[in-house]
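Down below is the structure, laid out as structure tokens.
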Amino acid sequence: MSDEMRRVTAICNGTVVDHIPGGRAIQVLRMLRLDIGRSNPISMVMNVPSAKLGRKDVLKIEDRELSQEELDRLALIAPAASVAIIRNYRVAEKLKAELGEDLVNIARCSFWNCITQNAREPLPHKLRVVNIEPLEIRCSYCERGQDMDEIVDNIL
Amino acid sequence: MQMIDGYADVAAIRHPQQGAAQYSADAIEIPVLNAGDGAGNHPTQTLLDLFTIREAHGTLEGLNVVLVGDLRYGRTVHSLSHALVRFGATLTLVSPESLRMPSEIVSDLNAGGAEVTETTDLAGTIAEADVIYMTRIQKERFPDEDEYTKVAGIYMLTASDLANSKESMIIMHPLPRVNEIHPSVDSTHHARYFQQAFNGVVARMALLCDCLGVKIPKKVK
């Protein structure tokens, strides 16, 4: 983003997540569990014009570098997101969110009668990416489809 | 299941929750047979269903199969439809709106190249069918009793309904039935559900033999 287009000031250290589909930044915050119990300053820009996406959201998360596991979560909502790790106002690393085939212990299945709803069962929660475009995700056990709102509501 | 893993050579699990068999199979080493998981799947029933169809028609290829009743919660039709697509079946799915086949399964069937038609009208499907597979609408599958009451008894097949059917058409049912097949059908040559039930014994014997490495002779005395 050019300086004249900059809507939020540069951050000294942290993570910038760019190219989030327009309107999905709040879901990203929830998916990354950044919406609760954190004290890091977070700036959010929503629905700005984007040549790539039409409209996009941008997140700037200060004093926190996203982990690979968090990038995996991010990929569910924003598979085309570009992630920059910022150190001392400079881009220290550029990362890509990549959607894997199996999503292990990222979200629980939303189906009320899935075996994984039984709290006594010890195995990991597993969702499976069946199709990328359009995105289709199912529980690996009960095979029920999961929509994105349900996944965000059921993150672990 | 981890205890059973130590005790047995093979496990068969029937469980009210969906996904229980896959979950168990992921947890242990011995073979796990899914004997029905909630409203999910019933693959051993599918094996005996395929055997029954092949006995009657001499082939599994390219048949016109009509699946009737509770396609939403009916696990037998979930597994059977997946299997039939592999043999190029034309599938007609007959159900009330509230009990339509889950969209994930219809999507899989279409992706598998199946010709799938969904309808609420059973009578209009009978003349062209090679197989009519009836299912009962099971009260225990419904989270809401009102939903069950609205659709209970919606499809009932009687002998007179079969007047224009193909000579070779067979009627199947995973049994037990409630009232979806009138007893007048039992004495017609179309009724195949009791033979189908018997085939469950041999199909599951064969499956257990396969899991245990027991060879099955081509001809049994």
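Ordering of the structure tokens sets the chain letters (A, B, ...); residue numbers start at 1 within each chain; ligands are numbered from 1 in the order shown.
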
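Within 12 Å of chain B, and counting only C-alpha atoms, chain A contributes A:Cys109, A:Phe111, A:Trp112, A:Asn113, A:Cys114, A:Ile115, A:Thr116, A:Gln117, A:Asn118, A:Glu121, A:Pro122, A:Leu123, A:Pro124, A:His125, A:Lys126, A:Val130, A:Asn131, A:Glu136, A:Ile137, A:Arg138, A:Cys139, A:Ser140, A:Tyr141, A:Cys142, A:Glu143, A:Arg144, A:Gly145, A:Gln146, A:Asp147.
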
>> So that I can check the secondary structure, give me every residue of chain B assigned alpha helix (DSSP H) by backbone DSSP, as number ranges by chain.
In response: B: 2-7, 20-27, 43-57, 75-85, 103-111, 145-151, 193-212

>> Report, in Å to a single decimal, how far apart CA of Asp130 in chain B and CA of Leu48 in chain B are.
In response: 17.0 Å

>> So that I can check the surroundings of Gly69 in chain B, please list as a list in words every protein, DNA and RNA residue that reaches within 7 Å of it, counting only C-alpha atoms and ignoring chain neighbours fewer than 4 positions away.
In response: Val94, Ser95, Met134, Thr135, Arg136, Ile137 and Tyr155 of chain B

>> Need the shell around Leu32 in chain A: protein/DNA/RNA residues with any atom at most 9 Å away, counting only C-alpha atoms. Skip same-chain ones fewer than 2 positions apart. Format as number ranges by chain?
In response: A: 27-30, 34-35, 66, 70-71, 73-74, 155

How about saving the chosen residues, N, CA, C and O atoms kept, as a PDB file, in the first residue's frame?
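Generated file (selection_7.pdb):
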ATOM      1  N   GLN A  27     -13.847 -12.075  11.245  1.00  0.00           N
ATOM      2  CA  GLN A  27     -13.765 -13.546  11.319  1.00  0.00           C
ATOM      3  C   GLN A  27     -12.319 -13.991  11.517  1.00  0.00           C
ATOM      4  O   GLN A  27     -12.039 -14.929  12.257  1.00  0.00           O
ATOM      5  N   VAL A  28     -11.398 -13.300  10.834  1.00  0.00           N
ATOM      6  CA  VAL A  28      -9.976 -13.649  10.995  1.00  0.00           C
ATOM      7  C   VAL A  28      -9.549 -13.439  12.439  1.00  0.00           C
ATOM      8  O   VAL A  28      -8.871 -14.288  13.029  1.00  0.00           O
ATOM      9  N   LEU A  29      -9.959 -12.326  13.025  1.00  0.00           N
ATOM     10  CA  LEU A  29      -9.598 -12.072  14.428  1.00  0.00           C
ATOM     11  C   LEU A  29     -10.133 -13.175  15.335  1.00  0.00           C
ATOM     12  O   LEU A  29      -9.449 -13.637  16.245  1.00  0.00           O
ATOM     13  N   ARG A  30     -11.355 -13.592  15.059  1.00  0.00           N
ATOM     14  CA  ARG A  30     -11.938 -14.666  15.876  1.00  0.00           C
ATOM     15  C   ARG A  30     -11.211 -15.980  15.638  1.00  0.00           C
ATOM     16  O   ARG A  30     -10.930 -16.730  16.567  1.00  0.00           O
ATOM     17  N   LEU A  34      -7.762 -13.593  18.429  1.00  0.00           N
ATOM     18  CA  LEU A  34      -7.204 -12.289  18.794  1.00  0.00           C
ATOM     19  C   LEU A  34      -8.296 -11.333  19.275  1.00  0.00           C
ATOM     20  O   LEU A  34      -8.023 -10.184  19.602  1.00  0.00           O
ATOM     21  N   ASP A  35      -9.525 -11.834  19.283  1.00  0.00           N
ATOM     22  CA  ASP A  35     -10.635 -10.962  19.678  1.00  0.00           C
ATOM     23  C   ASP A  35     -10.880 -10.977  21.171  1.00  0.00           C
ATOM     24  O   ASP A  35     -11.689 -10.215  21.676  1.00  0.00           O
ATOM     25  N   LEU A  66       2.741 -13.884  13.937  1.00  0.00           N
ATOM     26  CA  LEU A  66       1.866 -15.062  13.817  1.00  0.00           C
ATOM     27  C   LEU A  66       2.694 -16.326  13.608  1.00  0.00           C
ATOM     28  O   LEU A  66       3.692 -16.319  12.889  1.00  0.00           O
ATOM     29  N   GLU A  70      -1.098 -20.562  13.313  1.00  0.00           N
ATOM     30  CA  GLU A  70      -2.066 -19.475  13.122  1.00  0.00           C
ATOM     31  C   GLU A  70      -2.256 -19.167  11.632  1.00  0.00           C
ATOM     32  O   GLU A  70      -3.353 -18.835  11.198  1.00  0.00           O
ATOM     33  N   LEU A  71      -1.182 -19.297  10.885  1.00  0.00           N
ATOM     34  CA  LEU A  71      -1.308 -19.097   9.432  1.00  0.00           C
ATOM     35  C   LEU A  71      -2.223 -20.155   8.809  1.00  0.00           C
ATOM     36  O   LEU A  71      -2.984 -19.872   7.887  1.00  0.00           O
ATOM     37  N   ARG A  73      -4.742 -21.521  10.257  1.00  0.00           N
ATOM     38  CA  ARG A  73      -6.113 -21.081  10.566  1.00  0.00           C
ATOM     39  C   ARG A  73      -6.528 -19.942   9.635  1.00  0.00           C
ATOM     40  O   ARG A  73      -7.642 -19.921   9.119  1.00  0.00           O
ATOM     41  N   LEU A  74      -5.605 -19.017   9.438  1.00  0.00           N
ATOM     42  CA  LEU A  74      -5.886 -17.859   8.586  1.00  0.00           C
ATOM     43  C   LEU A  74      -6.274 -18.307   7.171  1.00  0.00           C
ATOM     44  O   LEU A  74      -7.167 -17.735   6.539  1.00  0.00           O
ATOM     45  N   ILE A 155     -14.184 -22.814  16.823  1.00  0.00           N
ATOM     46  CA  ILE A 155     -12.727 -22.910  16.876  1.00  0.00           C
ATOM     47  C   ILE A 155     -12.281 -23.369  18.249  1.00  0.00           C
ATOM     48  O   ILE A 155     -12.926 -23.115  19.270  1.00  0.00           O
TER      49      ILE A 155
END

> Between A:Ile36, A:Ala75, A:Ala84, A:Leu156, which is the closest to Gly100 in chain A once you count only C-alpha atoms?
Replying inline: A:Ala75
